[in-house]
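Data file: data_30.json. Format and content: JSON, C-alpha atoms and all ligand atoms.
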```json
[["chain", "number", "residue", "atom", "x", "y", "z"],
["Q", 1, "MET", "CA", 34.23, -76.10, 332.19],
["Q", 2, "ARG", "CA", 36.79, -78.80, 331.50],
["Q", 3, "ASP", "CA", 35.73, -82.36, 332.08],
["Q", 4, "SER", "CA", 38.35, -83.91, 334.34],
["Q", 5, "ARG", "CA", 38.12, -87.00, 332.14],
["Q", 6, "GLU", "CA", 38.58, -84.97, 328.98],
["Q", 7, "THR", "CA", 42.06, -86.29, 328.35],
["Q", 8, "PHE", "CA", 40.92, -89.90, 328.02],
["Q", 9, "VAL", "CA", 37.30, -89.65, 327.09],
["Q", 10, "ASN", "CA", 38.10, -90.83, 323.55],
["Q", 11, "HIS", "CA", 40.63, -93.54, 324.28],
["Q", 12, "ALA", "CA", 39.70, -97.21, 323.99],
["Q", 13, "PHE", "CA", 41.64, -100.46, 324.16],
["Q", 14, "VAL", "CA", 41.67, -104.10, 323.25],
["Q", 15, "THR", "CA", 43.20, -106.30, 325.88],
["Q", 16, "GLY", "CA", 44.16, -109.96, 325.72],
["Q", 17, "TYR", "CA", 47.17, -112.15, 326.37],
["Q", 18, "PRO", "CA", 48.75, -112.15, 323.90],
["Q", 19, "VAL", "CA", 47.07, -109.31, 322.03],
["Q", 20, "LYS", "CA", 49.48, -108.42, 319.26],
["Q", 21, "HIS", "CA", 47.61, -110.57, 316.72],
["Q", 22, "SER", "CA", 44.41, -108.56, 317.28],
["Q", 23, "ARG", "CA", 43.03, -106.82, 314.22],
["Q", 24, "SER", "CA", 40.72, -104.62, 316.28],
["Q", 25, "PRO", "CA", 43.11, -101.61, 316.26],
["Q", 26, "LEU", "CA", 42.99, -101.67, 312.45],
["Q", 27, "ILE", "CA", 39.18, -101.75, 312.44],
["Q", 28, "HIS", "CA", 38.64, -98.98, 314.99],
["Q", 29, "GLY", "CA", 41.55, -96.96, 313.60],
["Q", 30, "TYR", "CA", 39.84, -97.02, 310.20],
["Q", 31, "TRP", "CA", 36.54, -95.82, 311.65],
["Q", 32, "LEU", "CA", 38.19, -93.10, 313.78],
["Q", 33, "LYS", "CA", 39.89, -91.81, 310.64],
["Q", 34, "THR", "CA", 36.71, -92.07, 308.57],
["Q", 35, "PHE", "CA", 34.76, -89.94, 311.07],
["Q", 36, "GLY", "CA", 37.71, -87.64, 311.84],
["Q", 37, "ILE", "CA", 37.33, -88.38, 315.57],
["Q", 38, "PRO", "CA", 40.40, -87.31, 317.57],
["Q", 39, "GLY", "CA", 40.50, -90.50, 319.65],
["Q", 40, "SER", "CA", 42.58, -93.63, 319.85],
["Q", 41, "TYR", "CA", 42.14, -97.37, 320.07],
["Q", 42, "VAL", "CA", 45.19, -99.32, 321.16],
["Q", 43, "ALA", "CA", 46.27, -102.88, 321.87],
["Q", 44, "HIS", "CA", 47.02, -103.15, 325.58],
["Q", 45, "GLU", "CA", 48.46, -106.46, 326.71],
["Q", 46, "VAL", "CA", 47.53, -107.58, 330.23],
["Q", 47, "THR", "CA", 48.45, -110.91, 331.83],
["Q", 48, "PRO", "CA", 45.71, -112.94, 333.53],
["Q", 49, "ASN", "CA", 47.33, -112.12, 336.89],
["Q", 50, "ASP", "CA", 47.20, -108.40, 336.23],
["Q", 51, "PHE", "CA", 43.69, -108.37, 334.78],
["Q", 52, "PRO", "CA", 41.82, -107.62, 338.05],
["Q", 53, "ARG", "CA", 44.17, -104.68, 338.67],
["Q", 54, "PHE", "CA", 43.55, -103.46, 335.12],
["Q", 55, "MET", "CA", 39.77, -103.56, 335.67],
["Q", 56, "LYS", "CA", 40.19, -101.55, 338.86],
["Q", 57, "ALA", "CA", 42.27, -98.95, 337.03],
["Q", 58, "LEU", "CA", 39.69, -98.83, 334.24],
["Q", 59, "LYS", "CA", 36.98, -98.13, 336.78],
["Q", 60, "ASP", "CA", 38.78, -95.46, 338.79],
["Q", 61, "GLY", "CA", 40.02, -93.73, 335.64],
["Q", 62, "THR", "CA", 43.73, -94.21, 336.22],
["Q", 63, "ALA", "CA", 43.99, -96.53, 333.18],
["Q", 64, "GLY", "CA", 42.95, -93.57, 331.04],
["Q", 65, "PHE", "CA", 40.36, -95.39, 328.94],
["Q", 66, "CYS", "CA", 36.64, -94.86, 328.34],
["Q", 67, "GLY", "CA", 36.18, -98.55, 327.52],
["Q", 68, "GLY", "CA", 37.39, -101.27, 325.26],
["Q", 69, "ASN", "CA", 37.36, -104.82, 324.00],
["Q", 70, "VAL", "CA", 38.42, -107.92, 325.82],
["Q", 71, "THR", "CA", 39.67, -111.02, 324.10],
["Q", 72, "ILE", "CA", 41.14, -114.40, 325.01],
["Q", 73, "PRO", "CA", 41.81, -115.27, 327.85],
["Q", 74, "HIS", "CA", 40.04, -112.44, 329.70],
["Q", 75, "LYS", "CA", 36.42, -112.70, 328.49],
["Q", 76, "GLU", "CA", 35.16, -114.68, 331.49],
["Q", 77, "ALA", "CA", 37.04, -112.56, 334.03],
["Q", 78, "ALA", "CA", 35.74, -109.39, 332.35],
["Q", 79, "PHE", "CA", 32.20, -110.62, 332.85],
["Q", 80, "ARG", "CA", 32.84, -111.54, 336.50],
["Q", 81, "LEU", "CA", 34.59, -108.29, 337.37],
["Q", 82, "ALA", "CA", 32.23, -105.93, 335.56],
["Q", 83, "ASP", "CA", 29.76, -103.98, 337.70],
["Q", 84, "ARG", "CA", 26.90, -104.13, 335.21],
["Q", 85, "PRO", "CA", 27.00, -107.05, 332.78],
["Q", 86, "ASP", "CA", 23.92, -107.16, 330.55],
["Q", 87, "GLU", "CA", 21.73, -110.25, 330.09],
["Q", 88, "ARG", "CA", 23.53, -111.41, 326.99],
["Q", 89, "ALA", "CA", 26.93, -111.43, 328.73],
["Q", 90, "ALA", "CA", 25.40, -113.03, 331.83],
["Q", 91, "GLU", "CA", 23.94, -115.94, 329.88],
["Q", 92, "LEU", "CA", 27.26, -116.52, 328.13],
["Q", 93, "GLY", "CA", 29.35, -115.95, 331.25],
["Q", 94, "ALA", "CA", 31.70, -113.91, 329.08],
["Q", 95, "ALA", "CA", 32.05, -110.29, 327.94],
["Q", 96, "ASN", "CA", 33.99, -108.80, 325.03],
["Q", 97, "THR", "CA", 32.96, -105.13, 325.24],
["Q", 98, "LEU", "CA", 33.29, -102.81, 328.25],
["Q", 99, "TRP", "CA", 32.39, -99.17, 328.81],
["Q", 100, "LEU", "CA", 32.10, -96.81, 331.73],
["Q", 101, "GLU", "CA", 28.81, -95.34, 332.86],
["Q", 102, "ASP", "CA", 28.48, -93.25, 336.04],
["Q", 103, "GLY", "CA", 31.73, -94.73, 337.31],
["Q", 104, "ALA", "CA", 30.57, -98.33, 336.79],
["Q", 105, "ILE", "CA", 32.00, -100.82, 334.32],
["Q", 106, "CYS", "CA", 29.24, -102.02, 331.98],
["Q", 107, "ALA", "CA", 29.75, -105.16, 329.93],
["Q", 108, "THR", "CA", 28.17, -106.96, 327.01],
["Q", 109, "ASN", "CA", 29.07, -109.59, 324.47],
["Q", 110, "THR", "CA", 28.81, -108.61, 320.81],
["Q", 111, "ASP", "CA", 30.15, -111.81, 319.19],
["Q", 112, "GLY", "CA", 26.69, -113.21, 318.48],
["Q", 113, "LEU", "CA", 25.43, -109.87, 317.14],
["Q", 114, "GLY", "CA", 28.44, -109.84, 314.81],
["Q", 115, "PHE", "CA", 27.65, -113.36, 313.69],
["Q", 116, "VAL", "CA", 24.03, -112.65, 312.71],
["Q", 117, "ALA", "CA", 24.84, -109.25, 311.21],
["Q", 118, "ASN", "CA", 27.34, -110.97, 308.92],
["Q", 119, "LEU", "CA", 24.74, -113.51, 307.80],
["Q", 120, "ASP", "CA", 22.09, -110.80, 307.38],
["Q", 121, "GLU", "CA", 24.45, -108.88, 305.13],
["Q", 122, "ARG", "CA", 25.70, -111.79, 303.04],
["Q", 123, "ALA", "CA", 22.84, -114.31, 303.13],
["Q", 124, "GLY", "CA", 19.66, -112.33, 303.75],
["Q", 125, "GLY", "CA", 16.71, -114.53, 304.75],
["Q", 126, "TRP", "CA", 19.05, -117.13, 306.26],
["Q", 127, "ASP", "CA", 16.92, -117.29, 309.41],
["Q", 128, "ARG", "CA", 13.81, -118.65, 307.68],
["Q", 129, "ILE", "CA", 14.93, -122.15, 308.54],
["Q", 130, "ALA", "CA", 13.64, -124.97, 310.70],
["Q", 131, "SER", "CA", 16.98, -126.19, 312.00],
["Q", 132, "ALA", "CA", 20.66, -125.31, 312.26],
["Q", 133, "VAL", "CA", 23.78, -127.36, 312.94],
["Q", 134, "ILE", "CA", 26.60, -125.89, 315.01],
["Q", 135, "LEU", "CA", 29.90, -127.73, 315.09],
["Q", 136, "GLY", "CA", 31.85, -127.13, 318.31],
["Q", 137, "ALA", "CA", 30.93, -126.30, 321.89],
["Q", 138, "GLY", "CA", 33.55, -123.79, 323.06],
["Q", 139, "GLY", "CA", 33.28, -120.10, 323.89],
["Q", 140, "ALA", "CA", 32.66, -119.01, 320.30],
["Q", 141, "SER", "CA", 29.97, -121.64, 319.89],
["Q", 142, "ARG", "CA", 28.03, -120.26, 322.86],
["Q", 143, "ALA", "CA", 27.75, -116.79, 321.36],
["Q", 144, "VAL", "CA", 26.61, -118.25, 318.02],
["Q", 145, "ILE", "CA", 24.03, -120.54, 319.65],
["Q", 146, "GLN", "CA", 22.59, -117.68, 321.70],
["Q", 147, "ALA", "CA", 22.30, -115.42, 318.66],
["Q", 148, "VAL", "CA", 20.75, -118.07, 316.41],
["Q", 149, "ARG", "CA", 18.28, -119.05, 319.14],
["Q", 150, "ASP", "CA", 17.37, -115.40, 319.71],
["Q", 151, "ARG", "CA", 16.55, -115.09, 316.00],
["Q", 152, "GLY", "CA", 13.89, -117.72, 316.52],
["Q", 153, "VAL", "CA", 15.43, -120.80, 314.91],
["Q", 154, "ALA", "CA", 13.39, -123.64, 316.39],
["Q", 155, "THR", "CA", 15.99, -126.41, 316.54],
["Q", 156, "ILE", "CA", 19.72, -125.99, 316.97],
["Q", 157, "HIS", "CA", 21.82, -129.14, 316.93],
["Q", 158, "VAL", "CA", 25.19, -128.79, 318.67],
["Q", 159, "VAL", "CA", 27.63, -131.42, 317.51],
["Q", 160, "ASN", "CA", 30.90, -131.71, 319.35],
["Q", 161, "ARG", "CA", 33.85, -134.09, 319.66],
["Q", 162, "THR", "CA", 33.34, -134.05, 323.43],
["Q", 163, "GLU", "CA", 29.62, -134.64, 323.70],
["Q", 164, "ALA", "CA", 29.48, -133.64, 327.38],
["Q", 165, "ARG", "CA", 30.34, -130.05, 326.43],
["Q", 166, "ALA", "CA", 27.50, -129.99, 323.91],
["Q", 167, "ARG", "CA", 25.15, -131.29, 326.59],
["Q", 168, "GLU", "CA", 26.21, -128.51, 328.93],
["Q", 169, "LEU", "CA", 25.28, -125.95, 326.27],
["Q", 170, "ALA", "CA", 21.95, -127.60, 325.54],
["Q", 171, "HIS", "CA", 21.18, -127.36, 329.23],
["Q", 172, "ARG", "CA", 22.26, -123.71, 329.37],
["Q", 173, "PHE", "CA", 20.40, -122.48, 326.30],
["Q", 174, "GLY", "CA", 17.10, -124.25, 326.66],
["Q", 175, "ALA", "CA", 14.79, -126.49, 324.70],
["Q", 176, "ALA", "CA", 15.71, -125.27, 321.20],
["Q", 177, "VAL", "CA", 19.27, -126.53, 321.62],
["Q", 178, "ARG", "CA", 20.04, -130.25, 321.34],
["Q", 179, "ALA", "CA", 23.35, -131.95, 321.98],
["Q", 180, "GLN", "CA", 24.46, -134.52, 319.42],
["Q", 181, "PRO", "CA", 27.39, -136.89, 319.14],
["Q", 182, "MET", "CA", 29.71, -136.60, 316.14],
["Q", 183, "ALA", "CA", 28.28, -139.84, 314.80],
["Q", 184, "ALA", "CA", 24.90, -138.11, 314.36],
["Q", 185, "LEU", "CA", 26.29, -135.30, 312.20],
["Q", 186, "SER", "CA", 24.93, -136.37, 308.85],
["Q", 187, "GLU", "CA", 21.58, -137.34, 310.37],
["Q", 188, "VAL", "CA", 21.02, -133.88, 311.93],
["Q", 189, "MET", "CA", 22.28, -132.14, 308.79],
["Q", 190, "ALA", "CA", 19.32, -133.58, 306.86],
["Q", 191, "GLY", "CA", 17.18, -130.66, 305.72],
["Q", 192, "ALA", "CA", 18.98, -128.14, 307.97],
["Q", 193, "GLY", "CA", 19.30, -124.59, 306.64],
["Q", 194, "LEU", "CA", 22.45, -123.41, 308.40],
["Q", 195, "PHE", "CA", 25.79, -125.05, 309.21],
["Q", 196, "VAL", "CA", 28.31, -123.21, 311.38],
["Q", 197, "ASN", "CA", 31.86, -124.33, 312.13],
["Q", 198, "THR", "CA", 32.93, -122.81, 315.44],
["Q", 199, "THR", "CA", 35.97, -125.05, 315.93],
["Q", 200, "SER", "CA", 39.54, -124.31, 314.98],
["Q", 201, "LEU", "CA", 39.38, -127.10, 312.40],
["Q", 202, "GLY", "CA", 40.52, -125.79, 309.05],
["Q", 203, "MET", "CA", 42.68, -123.00, 310.40],
["Q", 204, "ASP", "CA", 46.16, -122.57, 308.96],
["Q", 205, "GLY", "CA", 48.07, -125.79, 309.43],
["Q", 206, "GLU", "CA", 45.09, -127.72, 310.79],
["Q", 207, "PRO", "CA", 43.86, -130.75, 308.87],
["Q", 208, "ALA", "CA", 40.64, -130.06, 306.98],
["Q", 209, "PRO", "CA", 37.54, -131.79, 308.28],
["Q", 210, "GLU", "CA", 35.85, -134.03, 305.72],
["Q", 211, "ILE", "CA", 32.19, -133.06, 305.72],
["Q", 212, "ASP", "CA", 29.59, -134.06, 303.17],
["Q", 213, "PHE", "CA", 27.01, -131.25, 303.03],
["Q", 214, "SER", "CA", 24.66, -133.00, 300.62],
["Q", 215, "PRO", "CA", 22.02, -133.88, 303.27],
["Q", 216, "MET", "CA", 21.46, -130.14, 303.95],
["Q", 217, "ALA", "CA", 18.57, -128.16, 302.42],
["Q", 218, "THR", "CA", 19.47, -127.08, 298.87],
["Q", 219, "ASP", "CA", 19.40, -123.36, 299.83],
["Q", 220, "ALA", "CA", 21.35, -123.91, 303.08],
["Q", 221, "VAL", "CA", 24.05, -121.47, 304.16],
["Q", 222, "ILE", "CA", 27.42, -122.80, 305.31],
["Q", 223, "THR", "CA", 29.58, -120.49, 307.38],
["Q", 224, "ASP", "CA", 32.80, -120.66, 309.36],
["Q", 225, "ILE", "CA", 33.80, -118.33, 312.14],
["Q", 226, "VAL", "CA", 37.44, -118.95, 311.26],
["Q", 227, "TYR", "CA", 38.50, -116.25, 308.78],
["Q", 228, "VAL", "CA", 42.14, -117.16, 308.17],
["Q", 229, "PRO", "CA", 42.21, -118.33, 305.47],
["Q", 230, "LEU", "CA", 39.15, -116.44, 304.26],
["Q", 231, "LYS", "CA", 37.89, -119.46, 302.38],
["Q", 232, "THR", "CA", 38.51, -122.33, 304.79],
["Q", 233, "PRO", "CA", 38.76, -125.90, 303.50],
["Q", 234, "LEU", "CA", 35.28, -126.48, 304.87],
["Q", 235, "LEU", "CA", 33.85, -123.52, 302.94],
["Q", 236, "ARG", "CA", 35.61, -124.73, 299.77],
["Q", 237, "GLN", "CA", 34.01, -128.14, 300.15],
["Q", 238, "ALA", "CA", 30.57, -126.60, 300.68],
["Q", 239, "GLU", "CA", 31.00, -124.31, 297.68],
["Q", 240, "ALA", "CA", 32.11, -127.22, 295.50],
["Q", 241, "GLN", "CA", 28.89, -128.98, 296.48],
["Q", 242, "GLY", "CA", 26.90, -125.96, 295.32],
["Q", 243, "PHE", "CA", 25.99, -124.39, 298.68],
["Q", 244, "ARG", "CA", 25.90, -120.71, 299.63],
["Q", 245, "ILE", "CA", 28.92, -119.89, 301.79],
["Q", 246, "VAL", "CA", 29.70, -116.96, 304.09],
["Q", 247, "ASP", "CA", 33.20, -116.39, 305.42],
["Q", 248, "GLY", "CA", 33.85, -115.37, 309.02],
["Q", 249, "LEU", "CA", 35.55, -112.03, 308.44],
["Q", 250, "GLY", "CA", 32.26, -110.11, 308.59],
["Q", 251, "MET", "CA", 31.60, -111.47, 312.10],
["Q", 252, "LEU", "CA", 34.86, -109.90, 313.30],
["Q", 253, "LEU", "CA", 33.98, -106.57, 311.66],
["Q", 254, "HIS", "CA", 30.35, -106.46, 312.79],
["Q", 255, "GLN", "CA", 31.09, -107.44, 316.40],
["Q", 256, "ALA", "CA", 33.17, -104.26, 316.63],
["Q", 257, "VAL", "CA", 30.30, -101.91, 315.71],
["Q", 258, "PRO", "CA", 28.47, -101.64, 319.09],
["Q", 259, "GLY", "CA", 31.69, -100.91, 321.01],
["Q", 260, "PHE", "CA", 32.72, -98.12, 318.67],
["Q", 261, "GLU", "CA", 29.28, -96.58, 318.98],
["Q", 262, "LYS", "CA", 29.45, -96.73, 322.79],
["Q", 263, "TRP", "CA", 32.91, -95.18, 323.09],
["Q", 264, "PHE", "CA", 32.93, -92.70, 320.24],
["Q", 265, "GLY", "CA", 29.25, -91.87, 319.74],
["Q", 266, "ARG", "CA", 28.93, -92.71, 316.04],
["Q", 267, "ARG", "CA", 27.59, -95.88, 314.43],
["Q", 268, "PRO", "CA", 30.20, -97.08, 311.94],
["Q", 269, "ALA", "CA", 29.61, -98.98, 308.70],
["Q", 270, "VAL", "CA", 31.20, -102.26, 307.72],
["Q", 271, "ASP", "CA", 32.23, -101.45, 304.17],
["Q", 272, "GLU", "CA", 34.29, -103.10, 301.44],
["Q", 273, "ARG", "CA", 37.30, -100.86, 302.11],
["Q", 274, "LEU", "CA", 37.49, -102.04, 305.70],
["Q", 275, "ARG", "CA", 37.21, -105.66, 304.57],
["Q", 276, "ARG", "CA", 40.06, -105.05, 302.15],
["Q", 277, "ILE", "CA", 42.25, -103.48, 304.86],
["Q", 278, "ILE", "CA", 41.92, -106.59, 307.03],
["Q", 279, "ILE", "CA", 42.41, -109.00, 304.13],
["Q", 280, "ASP", "CA", 45.58, -107.16, 303.09],
["Q", 281, "ASP", "CA", 46.86, -107.54, 306.65],
["Q", 282, "MET", "CA", 46.33, -111.31, 306.70],
["Q", 301, "LIG", "P1", 36.75, -121.17, 321.41],
["Q", 301, "LIG", "O1", 36.60, -120.36, 322.66],
["Q", 301, "LIG", "O2", 37.54, -120.48, 320.34],
["Q", 301, "LIG", "O3", 35.45, -121.67, 320.89],
["Q", 301, "LIG", "P2", 37.49, -123.63, 322.76],
["Q", 301, "LIG", "O4", 36.65, -123.27, 323.93],
["Q", 301, "LIG", "O5", 38.86, -124.15, 322.99],
["Q", 301, "LIG", "O6", 37.70, -122.40, 321.78],
["Q", 301, "LIG", "O7", 36.67, -124.67, 321.86],
["Q", 301, "LIG", "C1", 37.21, -125.27, 320.74],
["Q", 301, "LIG", "C2", 36.17, -126.13, 320.05],
["Q", 301, "LIG", "O8", 36.79, -126.76, 318.91],
["Q", 301, "LIG", "C3", 35.65, -127.27, 320.92],
["Q", 301, "LIG", "O9", 34.32, -127.55, 320.51],
["Q", 301, "LIG", "C4", 36.59, -128.41, 320.52],
["Q", 301, "LIG", "O10", 36.06, -129.70, 320.76],
["Q", 301, "LIG", "P3", 36.21, -130.38, 322.21],
["Q", 301, "LIG", "O11", 35.17, -129.75, 323.09],
["Q", 301, "LIG", "O12", 35.95, -131.81, 321.97],
["Q", 301, "LIG", "O13", 37.61, -130.10, 322.65],
["Q", 301, "LIG", "C5", 36.71, -128.17, 319.04],
["Q", 301, "LIG", "N1", 37.91, -128.79, 318.45],
["Q", 301, "LIG", "C6", 39.17, -128.31, 318.50],
["Q", 301, "LIG", "N2", 40.02, -129.13, 317.84],
["Q", 301, "LIG", "C7", 39.26, -130.15, 317.36],
["Q", 301, "LIG", "C8", 39.53, -131.32, 316.58],
["Q", 301, "LIG", "N3", 40.76, -131.60, 316.17],
["Q", 301, "LIG", "N4", 38.49, -132.12, 316.26],
["Q", 301, "LIG", "C9", 37.23, -131.84, 316.65],
["Q", 301, "LIG", "N5", 36.91, -130.75, 317.39],
["Q", 301, "LIG", "C10", 37.90, -129.92, 317.74]]
```

Translate this file's structure into structure tokens.
Ligand code: ATR
Amino acid sequence: MRDSRETFVNHAFVTGYPVKHSRSPLIHGYWLKTFGIPGSYVAHEVTPNDFPRFMKALKDGTAGFCGGNVTIPHKEAAFRLADRPDERAAELGAANTLWLEDGAICATNTDGLGFVANLDERAGGWDRIASAVILGAGGASRAVIQAVRDRGVATIHVVNRTEARARELAHRFGAAVRAQPMAALSEVMAGAGLFVNTTSLGMDGEPAPEIDFSPMATDAVITDIVYVPLKTPLLRQAEAQGFRIVDGLGMLLHQAVPGFEKWFGRRPAVDERLRRIIIDDM
């Protein structure tokens, strides 16, 4: 018997506004080809105004998709409009991965999973630390804080230009998370085992932040969720000071894994060829 949904059962999307910069079609396209799955993954631009209508069409099947990714500025709306957000998305108030189950839109957030998977791959043992320092308190920072906390790191210092935003996150994520003013940066870096930049500082055209990493533990890992350029000014500084560095590209690649598995039924690998495809596109 033909499944009435057969024509779109293997079609997924990434939506955002704008969405043309998204590298997700390259990632999922590579995996679809690798597995020989006759499906598609396309960029589908939707304005904030049209997003509720898009979610409705996703749910009733008229959009023709089995699920997809959601990026800026729709992550919060995706969480709110989903029928079944999981705990991770609920705590963050934002979703980046949607799929249909029994006619309901399910939602999760895989950014934090991508973050820790990248560190696990490139800096194994990174989580055997007493404290971490996270710079920034925006949407990306939340996912990183949640993931680092869930790995059992006892103290997570959130340092942000606008301290009130850091305080809001400390309140949201519980006792392990402490808000700090910028002026306390070097103090909280003392002996810390992980430093994460979640701000746009150091992106193309942005002035590089001047950070002295020397107070950190000698085996500390410094990472940046910005991946253009691959080696951000901040990572260069950390490397010059002799620290282990991990670039942010792996977070992008690993956050895509759970979605692909949900929509297409196979668990894909993040391999060097995929990394190269994205780097060549930068
Ligand atoms: P995202 O969702 O990508 O995390 P966001 O919510 O706009 O983006 O958050 C951006 C983060 O970068 C914030 O922590 C922001 O600090 P403020 O909360 O003080 O705005 C930080 N940021 C951006 N530009 C910055 C700059 N020039 N100096 C210091 N922090 C900066």

*Write out as a VMD selection string the residues lying within 10 Å of Q:Lys262, counting all atoms listed in the file and excluding same-chain residues fewer than 6 positions away.*
chain Q and resid 66 to 68 97 to 100

*Take the point (38.9, -125.9, 303.0) in the file's coordinates, draw a sphere of radius 12 Å around it, and report as a PyMOL selection string every protein, DNA or RNA residue with an atom inside or on it, counting all atoms listed in the file.*
chain Q and resi 197+201-211+223-224+226-240+245+247

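Restricting the calculation to only C-alpha atoms, the smallest distance between Q:Ile156 and any of Q:Asp50, Q:Asp127, Q:Glu101, Q:Asp271 is found for Q:Asp127.
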
_Calculated over only C-alpha atoms and all ligand atoms, which of the candidates Q:Gly248, Q:Gly259, Q:Gly242, Q:Gly136 has the smallest distance to ligand LIG 301 (chain Q)?_
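For ligand LIG 301 (chain Q), the nearest of the candidates is Q:Gly136.
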
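In this comparison, which uses all atoms listed in the file, the residue of Q:Lys20, Q:Arg142, Q:Arg122, Q:Arg161 approaching ligand LIG 301 (chain Q) most closely is Q:Arg161.
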
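Inspection of the environment of ligand LIG 301 (chain Q), which uses all atoms listed in the file and a cut-off of 6 Å, identifies the neighbouring residues as Q:Gly136, Q:Ala137, Q:Gly138, Q:Gly139, Q:Ala140, Q:Ser141, Q:Asn160, Q:Arg161, Q:Thr162, Q:Arg165, Q:Thr199, Q:Ser200, Q:Leu201.
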
Selection to disk with C-alpha atoms, as an mmCIF file, in the frame of the given file:
```
data_model
loop_
_atom_site.group_PDB
_atom_site.id
_atom_site.type_symbol
_atom_site.label_atom_id
_atom_site.label_comp_id
_atom_site.auth_asym_id
_atom_site.auth_seq_id
_atom_site.Cartn_x
_atom_site.Cartn_y
_atom_site.Cartn_z
ATOM 1 C CA GLY Q 136 31.850 -127.130 318.310
ATOM 2 C CA ALA Q 137 30.930 -126.300 321.890
ATOM 3 C CA GLY Q 138 33.550 -123.790 323.060
ATOM 4 C CA GLY Q 139 33.280 -120.100 323.890
ATOM 5 C CA ALA Q 140 32.660 -119.010 320.300
ATOM 6 C CA SER Q 141 29.970 -121.640 319.890
ATOM 7 C CA ASN Q 160 30.900 -131.710 319.350
ATOM 8 C CA ARG Q 161 33.850 -134.090 319.660
ATOM 9 C CA THR Q 162 33.340 -134.050 323.430
ATOM 10 C CA ARG Q 165 30.340 -130.050 326.430
ATOM 11 C CA THR Q 199 35.970 -125.050 315.930
ATOM 12 C CA SER Q 200 39.540 -124.310 314.980
ATOM 13 C CA LEU Q 201 39.380 -127.100 312.400
#
```

_Please determine, counting all atoms listed in the file, which residue among Q:Tyr41, Q:Val246, Q:Gln241, Q:Ile27 has the shortest atom-to-atom distance to Q:Trp263._
Q:Tyr41

*Which value, in Å to one decimal, gives the distance between atom CA of Q:Leu58 and atom CA of Q:Ser24?*
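The value is 18.9 Å.
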
*asked:* Between atom CA of Q:Val133 and atom CA of Q:Gly193, what distance in Å does the model show, to one decimal?
replied: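 Calculated distance between atom CA of Q:Val133 and atom CA of Q:Gly193 is 8.2 Å.
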
*Quick one: of Q:Gly152, Q:Gly125, Q:Gly250, Q:Pro85, who's nearest to Q:Ala220, counting all atoms listed in the file?*
Q:Gly125

_If I take atom CA of Q:Asn69 and atom CA of Q:Leu26, how far is one from the other in Å, to one decimal?_
13.2 Å

*Kindly indicate which residue among Q:Phe264, Q:Thr34, Q:Leu81, Q:Leu253 lies nearest to Q:Ile279, using only C-alpha atoms for the distances.*
Q:Leu253

*Can you find the residues with an atom no farther than 6 Å from (42.5, -109.1, 323.4), counting only C-alpha atoms, and report them as a PyMOL selection string?*
chain Q and resi 14-16+19+70-72

_Nearby residues (all atoms listed in the file) at most 10 Å from Q:Ser131, same-chain spacing under 5 positions excluded, as a PyMOL selection string_ = chain Q and resi 148+153-157+176-177+188-195+217

Show me, as AutoDock Vina command-line options, the centre and edge lengths in Å to one decimal of the axis-aligned box that covers every listed atom of stretch 26-39 of chain Q with 4 Å on each side.
```
--center_x 38.9 --center_y -94.5 --center_z 314.1 --size_x 16.2 --size_y 22.4 --size_z 19.1
```

With a distance cut-off of 9 Å and all atoms listed in the file, select the neighbouring residues of Q:Asp219, excluding the residue or stretch itself and same-chain residues fewer than 2 positions from it, and output the selection as a PDB file with C-alpha atoms, keeping the file's coordinate frame.
```pdb
ATOM      1  CA  TRP Q 126      19.050-117.130 306.260  1.00  0.00           C
ATOM      2  CA  GLY Q 193      19.300-124.590 306.640  1.00  0.00           C
ATOM      3  CA  MET Q 216      21.460-130.140 303.950  1.00  0.00           C
ATOM      4  CA  ALA Q 217      18.570-128.160 302.420  1.00  0.00           C
ATOM      5  CA  VAL Q 221      24.050-121.470 304.160  1.00  0.00           C
ATOM      6  CA  PHE Q 243      25.990-124.390 298.680  1.00  0.00           C
ATOM      7  CA  ARG Q 244      25.900-120.710 299.630  1.00  0.00           C
TER       8      ARG Q 244
END
```

*If we count only C-alpha atoms, what is near Q:Thr110 at a cut-off of 12 Å, once residues fewer than 4 positions away on the same chain are taken out, given as a ChimeraX atom specification?*
/Q:69-71,75,86-89,92,94-98,114-117,140,142-144,146-147,251-260

_So that I can see what lies close to Q:Gly29, please list as an MDAnalysis selection string the residues with an atom at most 9 Å from it, counting only C-alpha atoms and leaving out residues fewer than 6 positions away in the same chain._
chainID Q and resid 39:42
